[in-house]
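Source file: input-v7.cif (mmCIF, C-alpha atoms (C1' of nucleotides))
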data_upload
loop_
_atom_site.group_PDB
_atom_site.id
_atom_site.type_symbol
_atom_site.label_atom_id
_atom_site.label_comp_id
_atom_site.auth_asym_id
_atom_site.auth_seq_id
_atom_site.Cartn_x
_atom_site.Cartn_y
_atom_site.Cartn_z
ATOM 1 C CA MET Q 1 0.000 0.000 0.000
ATOM 2 C CA SER Q 2 2.580 2.422 -1.107
ATOM 3 C CA THR Q 3 0.093 5.069 -2.080
ATOM 4 C CA LYS Q 4 -2.931 4.385 0.063
ATOM 5 C CA ALA Q 5 -2.243 7.147 2.528
ATOM 6 C CA GLN Q 6 -2.000 9.550 -0.371
ATOM 7 C CA TYR Q 7 -5.428 8.772 -1.793
ATOM 8 C CA ASP Q 8 -6.950 12.094 -2.615
ATOM 9 C CA ALA Q 9 -10.422 12.109 -4.066
ATOM 10 C CA PHE Q 10 -9.909 15.606 -5.380
ATOM 11 C CA LEU Q 11 -7.379 14.361 -7.874
ATOM 12 C CA ALA Q 12 -8.906 13.267 -11.145
ATOM 13 C CA VAL Q 13 -6.799 10.132 -11.258
ATOM 14 C CA CYS Q 14 -7.567 9.089 -7.709
ATOM 15 C CA PRO Q 15 -9.057 5.607 -7.419
ATOM 16 C CA SER Q 16 -11.521 6.731 -4.788
ATOM 17 C CA ARG Q 17 -13.253 8.687 -7.502
ATOM 18 C CA GLN Q 18 -14.481 5.320 -8.680
ATOM 19 C CA LEU Q 19 -16.361 4.814 -5.431
ATOM 20 C CA LEU Q 20 -18.264 7.968 -6.211
ATOM 21 C CA ALA Q 21 -18.978 6.589 -9.660
ATOM 22 C CA ARG Q 22 -20.288 3.425 -8.060
ATOM 23 C CA ILE Q 23 -22.530 5.316 -5.640
ATOM 24 C CA SER Q 24 -23.760 7.421 -8.508
ATOM 25 C CA ASP Q 25 -25.005 4.317 -10.290
ATOM 26 C CA LYS Q 26 -28.754 4.600 -10.528
ATOM 27 C CA TRP Q 27 -29.616 1.347 -8.747
ATOM 28 C CA VAL Q 28 -26.620 0.629 -6.530
ATOM 29 C CA VAL Q 29 -27.810 2.314 -3.358
ATOM 30 C CA LEU Q 30 -31.296 0.877 -3.699
ATOM 31 C CA ILE Q 31 -29.878 -2.626 -4.056
ATOM 32 C CA LEU Q 32 -27.675 -2.067 -1.012
ATOM 33 C CA CYS Q 33 -30.747 -0.856 0.867
ATOM 34 C CA ALA Q 34 -32.727 -3.899 -0.208
ATOM 35 C CA LEU Q 35 -30.063 -6.447 0.726
ATOM 36 C CA GLY Q 36 -29.278 -4.437 3.831
ATOM 37 C CA GLY Q 37 -32.800 -5.121 5.040
ATOM 38 C CA ASP Q 38 -34.015 -1.542 4.889
ATOM 39 C CA ALA Q 39 -37.106 -2.587 2.980
ATOM 40 C CA GLN Q 40 -38.460 -4.737 5.808
ATOM 41 C CA ASP Q 41 -38.551 -2.638 8.895
ATOM 42 C CA GLY Q 42 -35.802 -0.103 8.703
ATOM 43 C CA THR Q 43 -33.770 -1.915 11.286
ATOM 44 C CA GLY Q 44 -31.182 -2.679 8.670
ATOM 45 C CA VAL Q 45 -30.773 -6.379 9.310
ATOM 46 C CA PRO Q 46 -29.002 -7.844 6.254
ATOM 47 C CA THR Q 47 -31.407 -9.937 4.198
ATOM 48 C CA PRO Q 48 -30.435 -12.308 1.376
ATOM 49 C CA MET Q 49 -32.719 -11.904 -1.608
ATOM 50 C CA ARG Q 50 -33.446 -13.672 -4.857
ATOM 51 C CA TYR Q 51 -33.295 -12.103 -8.275
ATOM 52 C CA SER Q 52 -37.070 -12.106 -8.599
ATOM 53 C CA GLY Q 53 -37.439 -10.583 -5.149
ATOM 54 C CA LEU Q 54 -35.141 -7.720 -5.997
ATOM 55 C CA SER Q 55 -36.887 -7.269 -9.311
ATOM 56 C CA ARG Q 56 -40.222 -6.997 -7.530
ATOM 57 C CA LEU Q 57 -38.960 -4.709 -4.803
ATOM 58 C CA LEU Q 58 -37.236 -2.335 -7.182
ATOM 59 C CA ALA Q 59 -40.258 -2.146 -9.451
ATOM 60 C CA GLY Q 60 -39.298 -0.127 -12.450
ATOM 61 C CA VAL Q 61 -35.805 -1.535 -12.811
ATOM 62 C CA SER Q 62 -35.187 -3.276 -16.111
ATOM 63 C CA GLN Q 63 -33.753 -6.786 -16.268
ATOM 64 C CA LYS Q 64 -30.744 -5.421 -18.009
ATOM 65 C CA MET Q 65 -29.913 -2.875 -15.341
ATOM 66 C CA LEU Q 66 -30.644 -5.184 -12.432
ATOM 67 C CA THR Q 67 -28.379 -7.907 -13.785
ATOM 68 C CA GLN Q 68 -25.717 -5.434 -14.831
ATOM 69 C CA THR Q 69 -25.690 -3.699 -11.453
ATOM 70 C CA LEU Q 70 -25.660 -6.950 -9.495
ATOM 71 C CA ARG Q 71 -22.736 -8.199 -11.582
ATOM 72 C CA SER Q 72 -20.693 -5.092 -10.973
ATOM 73 C CA LEU Q 73 -21.384 -5.241 -7.239
ATOM 74 C CA GLU Q 74 -20.365 -8.894 -7.194
ATOM 75 C CA ARG Q 75 -17.209 -8.009 -9.101
ATOM 76 C CA ASP Q 76 -16.392 -5.389 -6.491
ATOM 77 C CA GLY Q 77 -16.823 -7.906 -3.676
ATOM 78 C CA LEU Q 78 -19.791 -6.072 -2.197
ATOM 79 C CA LEU Q 79 -22.185 -8.987 -2.563
ATOM 80 C CA THR Q 80 -22.170 -12.702 -3.336
ATOM 81 C CA ARG Q 81 -24.178 -14.575 -5.939
ATOM 82 C CA SER Q 82 -25.221 -18.117 -5.038
ATOM 83 C CA VAL Q 83 -26.752 -20.474 -7.568
ATOM 84 C CA THR Q 84 -28.855 -23.371 -6.272
ATOM 85 C CA PRO Q 85 -29.409 -25.993 -9.005
ATOM 86 C CA THR Q 86 -33.113 -26.460 -8.438
ATOM 87 C CA VAL Q 87 -35.554 -26.528 -11.324
ATOM 88 C CA PRO Q 88 -35.939 -23.783 -12.201
ATOM 89 C CA VAL Q 89 -32.658 -22.459 -10.942
ATOM 90 C CA THR Q 90 -32.579 -20.354 -7.768
ATOM 91 C CA VAL Q 91 -30.142 -17.457 -7.391
ATOM 92 C CA THR Q 92 -29.582 -15.688 -4.095
ATOM 93 C CA TYR Q 93 -27.762 -12.427 -3.524
ATOM 94 C CA GLU Q 94 -26.302 -11.434 -0.183
ATOM 95 C CA LEU Q 95 -24.115 -8.597 1.090
ATOM 96 C CA THR Q 96 -20.529 -9.391 2.010
ATOM 97 C CA ALA Q 97 -18.844 -7.850 5.035
ATOM 98 C CA LEU Q 98 -17.480 -5.185 2.696
ATOM 99 C CA GLY Q 99 -20.947 -4.596 1.295
ATOM 100 C CA ARG Q 100 -22.425 -4.299 4.769
ATOM 101 C CA SER Q 101 -19.819 -1.737 5.749
ATOM 102 C CA LEU Q 102 -20.713 0.352 2.709
ATOM 103 C CA HIS Q 103 -24.356 -0.129 3.542
ATOM 104 C CA GLN Q 104 -23.723 1.570 6.870
ATOM 105 C CA MET Q 105 -22.708 4.652 4.914
ATOM 106 C CA THR Q 106 -25.841 4.566 2.785
ATOM 107 C CA ARG Q 107 -27.960 4.105 5.891
ATOM 108 C CA GLY Q 108 -26.442 7.271 7.259
ATOM 109 C CA LEU Q 109 -27.479 9.051 4.117
ATOM 110 C CA ARG Q 110 -30.974 7.704 4.448
ATOM 111 C CA SER Q 111 -31.372 8.841 8.024
ATOM 112 C CA TRP Q 112 -30.080 12.247 7.024
ATOM 113 C CA ALA Q 113 -32.723 12.341 4.321
ATOM 114 C CA GLN Q 114 -35.486 11.388 6.707
ATOM 115 C CA GLN Q 115 -34.525 14.219 8.978
ATOM 116 C CA ASN Q 116 -33.680 16.924 6.470
ATOM 117 C CA MET Q 117 -35.345 16.480 3.102
ATOM 118 C CA ASP Q 118 -38.321 18.550 4.183
ATOM 119 C CA GLU Q 119 -36.015 21.462 4.778
ATOM 120 C CA VAL Q 120 -34.380 20.931 1.398
ATOM 121 C CA PHE Q 121 -37.760 21.031 -0.327
ATOM 122 C CA THR Q 122 -38.643 24.210 1.534
ATOM 123 C CA HIS Q 123 -35.441 25.815 0.315
ATOM 124 C CA ARG Q 124 -36.204 24.751 -3.241
ATOM 125 C CA GLU Q 125 -39.611 26.354 -3.247
ATOM 126 C CA GLU Q 126 -38.238 29.518 -1.741
ATOM 127 C CA TYR Q 127 -35.421 29.624 -4.286
ATOM 128 C CA ASP Q 128 -37.754 29.002 -7.224
ATOM 129 C CA THR Q 129 -40.190 31.725 -6.238
ATOM 130 C CA ARG Q 130 -37.321 34.121 -5.601
ATOM 131 C CA VAL Q 131 -35.793 33.427 -9.024
ATOM 132 C CA SER Q 132 -39.016 33.530 -11.013
ATOM 133 C CA SER Q 133 -40.053 36.809 -9.473
ATOM 134 C CA MET J 1 -41.629 5.063 -15.681
ATOM 135 C CA SER J 2 -45.041 4.058 -14.513
ATOM 136 C CA THR J 3 -45.472 4.573 -10.803
ATOM 137 C CA LYS J 4 -46.259 1.109 -9.544
ATOM 138 C CA ALA J 5 -47.551 0.593 -6.047
ATOM 139 C CA GLN J 6 -44.621 -1.555 -4.944
ATOM 140 C CA TYR J 7 -42.140 0.968 -6.218
ATOM 141 C CA ASP J 8 -43.787 3.561 -4.029
ATOM 142 C CA ALA J 9 -43.792 1.093 -1.159
ATOM 143 C CA PHE J 10 -40.084 0.641 -1.437
ATOM 144 C CA LEU J 11 -39.573 4.354 -1.619
ATOM 145 C CA ALA J 12 -41.578 4.677 1.549
ATOM 146 C CA VAL J 13 -38.965 2.725 3.444
ATOM 147 C CA CYS J 14 -36.061 4.196 1.466
ATOM 148 C CA PRO J 15 -36.731 7.932 1.464
ATOM 149 C CA SER J 16 -33.150 8.697 0.555
ATOM 150 C CA ARG J 17 -34.237 8.075 -3.025
ATOM 151 C CA GLN J 18 -34.598 11.813 -3.589
ATOM 152 C CA LEU J 19 -31.362 12.481 -1.833
ATOM 153 C CA LEU J 20 -29.766 10.024 -4.218
ATOM 154 C CA ALA J 21 -30.473 12.304 -7.135
ATOM 155 C CA ARG J 22 -28.333 14.865 -5.340
ATOM 156 C CA ILE J 23 -25.596 12.511 -4.232
ATOM 157 C CA SER J 24 -25.509 10.802 -7.599
ATOM 158 C CA ASP J 25 -24.473 14.050 -9.166
ATOM 159 C CA LYS J 26 -20.923 13.634 -10.320
ATOM 160 C CA TRP J 27 -19.463 16.599 -8.452
ATOM 161 C CA VAL J 28 -21.718 17.101 -5.450
ATOM 162 C CA VAL J 29 -19.768 15.017 -2.967
ATOM 163 C CA LEU J 30 -16.456 16.559 -3.966
ATOM 164 C CA ILE J 31 -17.842 20.079 -3.651
ATOM 165 C CA LEU J 32 -19.239 19.320 -0.210
ATOM 166 C CA CYS J 33 -15.879 17.857 0.779
ATOM 167 C CA ALA J 34 -14.057 20.905 -0.562
ATOM 168 C CA LEU J 35 -16.235 23.422 1.265
ATOM 169 C CA GLY J 36 -16.206 21.130 4.271
ATOM 170 C CA GLY J 37 -12.475 21.626 4.518
ATOM 171 C CA ASP J 38 -11.430 18.079 3.706
ATOM 172 C CA ALA J 39 -8.903 19.273 1.202
ATOM 173 C CA GLN J 40 -6.738 21.035 3.773
ATOM 174 C CA ASP J 41 -5.961 18.566 6.494
ATOM 175 C CA GLY J 42 -8.832 16.168 6.776
ATOM 176 C CA THR J 43 -10.043 17.737 9.975
ATOM 177 C CA GLY J 44 -13.158 18.841 8.194
ATOM 178 C CA VAL J 45 -13.213 22.447 9.300
ATOM 179 C CA PRO J 46 -15.667 24.253 7.005
ATOM 180 C CA THR J 47 -13.849 26.509 4.567
ATOM 181 C CA PRO J 48 -15.462 29.163 2.360
ATOM 182 C CA MET J 49 -14.070 29.027 -1.144
ATOM 183 C CA ARG J 50 -14.187 31.097 -4.302
ATOM 184 C CA TYR J 51 -15.285 29.866 -7.692
ATOM 185 C CA SER J 52 -11.753 29.815 -8.999
ATOM 186 C CA GLY J 53 -10.526 27.964 -5.940
ATOM 187 C CA LEU J 54 -13.089 25.237 -6.395
ATOM 188 C CA SER J 55 -12.300 25.040 -10.080
ATOM 189 C CA ARG J 56 -8.649 24.486 -9.279
ATOM 190 C CA LEU J 57 -9.247 21.969 -6.511
ATOM 191 C CA LEU J 58 -11.729 19.782 -8.374
ATOM 192 C CA ALA J 59 -9.408 18.609 -11.086
ATOM 193 C CA GLY J 60 -11.235 17.958 -14.309
ATOM 194 C CA VAL J 61 -14.498 19.767 -13.626
ATOM 195 C CA SER J 62 -15.824 21.892 -16.478
ATOM 196 C CA GLN J 63 -17.125 25.422 -15.927
ATOM 197 C CA LYS J 64 -20.558 24.311 -16.962
ATOM 198 C CA MET J 65 -20.781 21.492 -14.461
ATOM 199 C CA LEU J 66 -19.237 23.463 -11.623
ATOM 200 C CA THR J 67 -21.667 26.343 -12.038
ATOM 201 C CA GLN J 68 -24.621 24.019 -12.563
ATOM 202 C CA THR J 69 -23.819 21.948 -9.491
ATOM 203 C CA LEU J 70 -23.209 24.978 -7.287
ATOM 204 C CA ARG J 71 -26.555 26.451 -8.360
ATOM 205 C CA SER J 72 -28.463 23.299 -7.507
ATOM 206 C CA LEU J 73 -26.768 23.063 -4.134
ATOM 207 C CA GLU J 74 -27.628 26.677 -3.436
ATOM 208 C CA ARG J 75 -31.222 25.962 -4.459
ATOM 209 C CA ASP J 76 -31.355 23.122 -1.959
ATOM 210 C CA GLY J 77 -30.097 25.359 0.811
ATOM 211 C CA LEU J 78 -26.890 23.404 1.224
ATOM 212 C CA LEU J 79 -24.592 26.323 0.498
ATOM 213 C CA THR J 80 -24.700 30.086 0.138
ATOM 214 C CA ARG J 81 -23.397 32.204 -2.719
ATOM 215 C CA SER J 82 -22.039 35.605 -1.766
ATOM 216 C CA VAL J 83 -21.141 38.231 -4.353
ATOM 217 C CA THR J 84 -18.696 40.946 -3.360
ATOM 218 C CA PRO J 85 -18.771 43.850 -5.848
ATOM 219 C CA THR J 86 -15.045 44.239 -6.225
ATOM 220 C CA VAL J 87 -13.431 44.603 -9.639
ATOM 221 C CA PRO J 88 -13.375 42.000 -10.868
ATOM 222 C CA VAL J 89 -16.250 40.536 -8.926
ATOM 223 C CA THR J 90 -15.570 38.093 -6.084
ATOM 224 C CA VAL J 91 -17.928 35.201 -5.414
ATOM 225 C CA THR J 92 -17.644 33.090 -2.285
ATOM 226 C CA TYR J 93 -19.355 29.803 -1.594
ATOM 227 C CA GLU J 94 -19.905 28.490 1.900
ATOM 228 C CA LEU J 95 -21.747 25.571 3.436
ATOM 229 C CA THR J 96 -24.906 26.274 5.404
ATOM 230 C CA ALA J 97 -25.682 24.408 8.619
ATOM 231 C CA LEU J 98 -27.727 22.023 6.505
ATOM 232 C CA GLY J 99 -24.837 21.572 4.108
ATOM 233 C CA ARG J 100 -22.428 20.908 6.945
ATOM 234 C CA SER J 101 -24.676 18.215 8.356
ATOM 235 C CA LEU J 102 -24.805 16.509 4.969
ATOM 236 C CA HIS J 103 -21.073 16.927 4.693
ATOM 237 C CA GLN J 104 -20.692 14.691 7.709
ATOM 238 C CA MET J 105 -22.328 11.936 5.671
ATOM 239 C CA THR J 106 -20.204 12.513 2.605
ATOM 240 C CA ARG J 107 -17.084 12.544 4.715
ATOM 241 C CA GLY J 108 -18.006 9.029 5.724
ATOM 242 C CA LEU J 109 -18.313 8.023 2.107
ATOM 243 C CA ARG J 110 -15.021 9.568 1.181
ATOM 244 C CA SER J 111 -13.156 7.972 4.061
ATOM 245 C CA TRP J 112 -14.795 4.623 3.261
ATOM 246 C CA ALA J 113 -13.503 4.969 -0.272
ATOM 247 C CA GLN J 114 -10.015 5.832 0.781
ATOM 248 C CA GLN J 115 -9.925 2.925 3.216
ATOM 249 C CA ASN J 116 -11.597 0.223 1.147
ATOM 250 C CA MET J 117 -10.949 0.831 -2.510
ATOM 251 C CA ASP J 118 -7.830 -1.295 -2.403
ATOM 252 C CA GLU J 119 -9.930 -4.242 -1.338
ATOM 253 C CA VAL J 120 -12.465 -3.498 -4.042
ATOM 254 C CA PHE J 121 -9.728 -3.477 -6.651
ATOM 255 C CA THR J 122 -8.394 -6.776 -5.348
ATOM 256 C CA HIS J 123 -11.854 -8.292 -5.733
ATOM 257 C CA ARG J 124 -12.108 -6.922 -9.252
ATOM 258 C CA GLU J 125 -8.846 -8.478 -10.342
ATOM 259 C CA GLU J 126 -9.785 -11.789 -8.816
ATOM 260 C CA TYR J 127 -13.201 -11.683 -10.462
ATOM 261 C CA ASP J 128 -11.778 -10.798 -13.845
ATOM 262 C CA THR J 129 -9.205 -13.561 -13.848
ATOM 263 C CA ARG J 130 -11.823 -16.045 -12.642
ATOM 264 C CA VAL J 131 -14.223 -15.073 -15.406
ATOM 265 C CA SER J 132 -11.690 -14.992 -18.202
ATOM 266 C CA SER J 133 -10.300 -18.393 -17.290
ATOM 267 C "C1'" DC I 1 -36.692 -18.434 -12.816
ATOM 268 C "C1'" DT I 2 -32.737 -16.042 -14.220
ATOM 269 C "C1'" DG I 3 -30.805 -14.389 -17.195
ATOM 270 C "C1'" DT I 4 -28.436 -12.564 -22.651
ATOM 271 C "C1'" DA I 5 -28.470 -9.906 -26.750
ATOM 272 C "C1'" DT I 6 -29.710 -6.065 -29.569
ATOM 273 C "C1'" DC I 7 -31.525 -1.729 -30.775
ATOM 274 C "C1'" DC I 8 -32.042 3.055 -29.900
ATOM 275 C "C1'" DA I 9 -33.948 7.316 -27.530
ATOM 276 C "C1'" DC I 10 -32.464 10.353 -24.303
ATOM 277 C "C1'" DT I 11 -29.234 13.192 -21.787
ATOM 278 C "C1'" DG I 12 -25.230 14.154 -18.995
ATOM 279 C "C1'" DC I 13 -21.333 16.337 -19.692
ATOM 280 C "C1'" DG I 14 -17.169 18.141 -21.912
ATOM 281 C "C1'" DA I 15 -15.501 21.424 -25.401
ATOM 282 C "C1'" DT I 16 -15.703 25.762 -27.175
ATOM 283 C "C1'" DA I 17 -16.825 30.498 -27.745
ATOM 284 C "C1'" DC I 18 -18.575 34.658 -25.824
ATOM 285 C "C1'" DT I 19 -19.830 38.362 -21.822
ATOM 286 C "C1'" DG I 20 -20.374 41.779 -17.731
ATOM 287 C "C1'" DC D 1 -13.019 36.630 -12.163
ATOM 288 C "C1'" DA D 2 -17.104 34.305 -12.723
ATOM 289 C "C1'" DG D 3 -19.918 33.162 -15.292
ATOM 290 C "C1'" DT D 4 -23.604 32.189 -19.910
ATOM 291 C "C1'" DA D 5 -24.777 29.970 -24.379
ATOM 292 C "C1'" DT D 6 -24.486 26.481 -27.713
ATOM 293 C "C1'" DC D 7 -23.096 22.164 -29.906
ATOM 294 C "C1'" DG D 8 -22.219 17.366 -30.216
ATOM 295 C "C1'" DC D 9 -21.341 12.850 -28.919
ATOM 296 C "C1'" DA D 10 -20.447 8.919 -25.801
ATOM 297 C "C1'" DG D 11 -22.564 6.510 -22.592
ATOM 298 C "C1'" DT D 12 -26.819 5.339 -19.705
ATOM 299 C "C1'" DG D 13 -30.522 2.781 -19.501
ATOM 300 C "C1'" DG D 14 -35.353 1.235 -21.177
ATOM 301 C "C1'" DA D 15 -37.841 -1.888 -24.425
ATOM 302 C "C1'" DT D 16 -37.972 -5.945 -26.682
ATOM 303 C "C1'" DA D 17 -36.874 -10.500 -28.134
ATOM 304 C "C1'" DC D 18 -34.529 -14.778 -27.266
ATOM 305 C "C1'" DA D 19 -32.493 -18.794 -24.178
ATOM 306 C "C1'" DG D 20 -30.638 -22.301 -20.654
#
Give the structure from the file, written as C-alpha cells.
Amino acid sequence: MSTKAQYDAFLAVCPSRQLLARISDKWVVLILCALGGDAQDGTGVPTPMRYSGLSRLLAGVSQKMLTQTLRSLERDGLLTRSVTPTVPVTVTYELTALGRSLHQMTRGLRSWAQQNMDEVFTHREEYDTRVSS
Amino acid sequence: MSTKAQYDAFLAVCPSRQLLARISDKWVVLILCALGGDAQDGTGVPTPMRYSGLSRLLAGVSQKMLTQTLRSLERDGLLTRSVTPTVPVTVTYELTALGRSLHQMTRGLRSWAQQNMDEVFTHREEYDTRVSS
DNA sequence: CTGTATCCACTGCGATACTG
DNA sequence: CAGTATCGCAGTGGATACAG
C-alpha cells in the first residue's frame, strides 16, 4: 500500500473517484438498501434476496440494469451470488462484510434524508419563487 | 416510468431516493468535501471558497458542471453564494448548517472509499481472472 | 426463474466560444 | 473573475426479443 495514505479524491486520477462513480449508479444504493434489510422494517438487518425478489422490490428496474448492477457489485466484492441448481434455478444475492460496511454509509445518508429532506424542499420552493419573481 | 404501487412502497422505506439524485451528481460530494475543509488537512473544518478555488481543486471539472452543481446546491439550501462587488467581482461559496450536516455523511463516504478501494480493486482483479479463465 | 443480446432514444457532460 | 450559451457525442438505460 505504497500510495494508500496519499489517496486524494480531489485528484482526477484518484481511485476513490471510482467509489463515487459506483454510488452514482442509478440502482446501486437501492440494491444495497434492499439487501441491507431496509425494505423490511428499517432496522437494517441484512437480508439475502433472490433475483425475482429484488426485481419486484425495485419495481421499475429493467432486467438489463438489475443484472448489470448486481454483476458489478459482485465483481467489487460487495455482494455474493449463489446459484442453487433447483428446477428452475434459484439465485440468491447477499451482502458481504465489505458490502455491509458500505451499507452503513448509505444508511447514514438515508437517516439524514429522513430528517432533512423537508427542509431541502422548503429551500427549493423559496429559491424558485425568488428566481421567477 | 409508470409509478407502480410496490415501487412507491419501497420508496416509503427508502426515502433517501430523492437524496440520491443529489448525491448521484458527479461533483456534489467533492464540492461538499471541498467546502467542508477536507482538502486542507482532513479535519473537516468548514472553509469558504471562491469559484476559482473550487475550479482548481476539483481537477477535471468543467465550468458548466461546476456552475450548474453549485446552483443546484444553493437551491437546496446546502450552500450560500455571496457576491462581493469588487473589480473583478468576487464570489464566495460556503456551506450552510444544513450543508455541513450533509457533509458529515459525505465525509463518511469519502473515508470509506479511501480505506476500502484497495480491497475493491483486489476483488475486481480476482473476479476478472476467474471469469476470463 | 434467471438471465443474454440487440436496438435506440435520451441526456449528462465536456468542449468551445462569448460576456459583464 | 465568474460566469452564460451552444453544440455534439459517448454513454446510460429502457424496451424488446430470445435462451438455458
Q: Run the PyMOL selection byres ((chain I) within 10 of (chain J)) mentally over the shown coordinates, then write out the matched residues as number ranges by chain, using the chain letters and numbers from the document.
A: I: 12-15, 20
Interface rows for chain J against chain D: nearest pair, Å to one decimal, 8 Å, only C-alpha atoms (C1' of nucleotides), as a Markdown table:
| residue | atom | partner | partner_atom | distance |
| --- | --- | --- | --- | --- |
| J:Tyr51 | CA | D:DA2 | C1' | 7.0 |
| J:Ser52 | CA | D:DC1 | C1' | 7.6 |
| J:Thr67 | CA | D:DG3 | C1' | 7.8 |
| J:Pro88 | CA | D:DC1 | C1' | 5.5 |
| J:Val89 | CA | D:DC1 | C1' | 6.0 |
| J:Thr90 | CA | D:DC1 | C1' | 6.8 |
| J:Val91 | CA | D:DA2 | C1' | 7.4 |
(Q) As an exercise, work out the distance from CA of Phe10 (chain J) to CA of Ser55 (chain Q) in Å and give it to one decimal place. (A)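 Result for CA of Phe10 (chain J) versus CA of Ser55 (chain Q): 11.6 Å, one decimal.
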Q. So, counting only C-alpha atoms, which residue among Q:Gln68, Q:Thr106, Q:Thr80, Q:Thr96 is closest to chain J?
A.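 Closest residue, counting only C-alpha atoms: Q:Thr106.
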Q.
Please report the interatomic distance between CA of Gln114 (chain J) and CA of Ala9 (chain Q) in Å with one decimal.
A. 7.9 Å
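Least-squares superposition of chain Q onto chain J, taking every C-alpha atom paired in order, leaves an RMSD of 4.5 Å.
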Q: Calculate how many Å separate CA of Leu109 (chain J) from CA of Ser72 (chain J), rounding to one decimal.
A: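 One can read the CA of Leu109 (chain J) to CA of Ser72 (chain J) distance as 20.7 Å.
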Q: Check the smallest atom-to-atom distance from each of Q:Leu98, Q:Val87, Q:Leu35, Q:Val120 to chain J using only C-alpha atoms, then report the winner.
A: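 Of all the options, Q:Val120 lies closest to chain J.
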With chain Q as the partner and 6 Å as the cut-off, tabulate the residues of chain J that qualify, each row holding the nearest pair of atoms and their distance in Å to one decimal, using only C-alpha atoms, sorted by chain and rising number, as JSON lines.
{"residue": "J:Tyr7", "atom": "CA", "partner": "Q:Ala59", "partner_atom": "CA", "distance": 4.9}
{"residue": "J:Val13", "atom": "CA", "partner": "Q:Ala39", "partner_atom": "CA", "distance": 5.6}
{"residue": "J:Ser16", "atom": "CA", "partner": "Q:Arg110", "partner_atom": "CA", "distance": 4.6}
{"residue": "J:Ser24", "atom": "CA", "partner": "Q:Ser24", "partner_atom": "CA", "distance": 3.9}
{"residue": "J:Leu58", "atom": "CA", "partner": "Q:Phe10", "partner_atom": "CA", "distance": 5.5}
{"residue": "J:Ala59", "atom": "CA", "partner": "Q:Ala12", "partner_atom": "CA", "distance": 5.4}
{"residue": "J:Arg75", "atom": "CA", "partner": "Q:Arg124", "partner_atom": "CA", "distance": 5.3}
{"residue": "J:Asp76", "atom": "CA", "partner": "Q:Val120", "partner_atom": "CA", "distance": 5.0}
{"residue": "J:Gly77", "atom": "CA", "partner": "Q:His123", "partner_atom": "CA", "distance": 5.4}
{"residue": "J:Ala113", "atom": "CA", "partner": "Q:Ser16", "partner_atom": "CA", "distance": 5.2}
{"residue": "J:Gln114", "atom": "CA", "partner": "Q:Ser16", "partner_atom": "CA", "distance": 5.8}
{"residue": "J:Val120", "atom": "CA", "partner": "Q:Asp76", "partner_atom": "CA", "distance": 5.0}
{"residue": "J:His123", "atom": "CA", "partner": "Q:Gly77", "partner_atom": "CA", "distance": 5.4}
{"residue": "J:Arg124", "atom": "CA", "partner": "Q:Arg75", "partner_atom": "CA", "distance": 5.2}
{"residue": "J:Tyr127", "atom": "CA", "partner": "Q:Arg75", "partner_atom": "CA", "distance": 5.6}
(Q) Under the rule that all atoms listed in the file are counted, which of J:Arg50, J:Gln115, J:Leu66, J:Ala97 is the nearest residue to Val83 (chain J)? (A)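 Nearest to Val83 (chain J): J:Arg50.
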Would you compute the box with edges along x, y and z of the file around region 14-19 of chain I, including every atom the file lists for it and 8 Å extra on each side, and give its centre and edge lengths in Å to one decimal, as lines of an AutoDock Vina configuration file?
center_x = -17.7
center_y = 28.3
center_z = -24.8
size_x = 20.3
size_y = 36.2
size_z = 21.9
**Q.** For Thr47 (chain J), the nearest of the candidates J:Thr86, J:Arg81, J:Leu32, J:Ser132, counting all atoms listed in the file
**A.** J:Leu32
My structure is short of atoms at region 32-40 of chain Q; please model N, CA, C and O atoms there, returning them as a short mmCIF file (atom, residue, chain, number, x, y, z; two decimals), in the frame of the given file.
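Saved file result_9.cif follows:
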data_model
loop_
_atom_site.label_atom_id
_atom_site.label_comp_id
_atom_site.auth_asym_id
_atom_site.auth_seq_id
_atom_site.Cartn_x
_atom_site.Cartn_y
_atom_site.Cartn_z
N LEU Q 32 -28.30 -1.96 -2.33
CA LEU Q 32 -27.68 -2.07 -1.01
C LEU Q 32 -28.73 -1.93 0.08
O LEU Q 32 -28.70 -2.66 1.07
N CYS Q 33 -29.67 -1.03 -0.11
CA CYS Q 33 -30.75 -0.86 0.87
C CYS Q 33 -31.58 -2.12 0.97
O CYS Q 33 -31.95 -2.56 2.07
N ALA Q 34 -31.89 -2.70 -0.19
CA ALA Q 34 -32.73 -3.90 -0.21
C ALA Q 34 -32.03 -5.05 0.51
O ALA Q 34 -32.60 -5.68 1.40
N LEU Q 35 -30.79 -5.33 0.12
CA LEU Q 35 -30.06 -6.45 0.73
C LEU Q 35 -29.65 -6.11 2.16
O LEU Q 35 -29.37 -7.02 2.96
N GLY Q 36 -29.61 -4.84 2.46
CA GLY Q 36 -29.28 -4.44 3.83
C GLY Q 36 -30.47 -4.55 4.77
O GLY Q 36 -30.33 -4.33 5.97
N GLY Q 37 -31.63 -4.89 4.21
CA GLY Q 37 -32.80 -5.12 5.04
C GLY Q 37 -33.61 -3.87 5.31
O GLY Q 37 -34.53 -3.90 6.11
N ASP Q 38 -33.30 -2.78 4.62
CA ASP Q 38 -34.02 -1.54 4.89
C ASP Q 38 -35.47 -1.60 4.42
O ASP Q 38 -36.30 -0.82 4.87
N ALA Q 39 -35.75 -2.51 3.53
CA ALA Q 39 -37.11 -2.59 2.98
C ALA Q 39 -38.09 -3.21 3.97
O ALA Q 39 -39.29 -2.96 3.90
N GLN Q 40 -37.57 -4.03 4.88
CA GLN Q 40 -38.46 -4.74 5.81
C GLN Q 40 -38.99 -3.84 6.91
O GLN Q 40 -40.16 -3.59 7.03
#
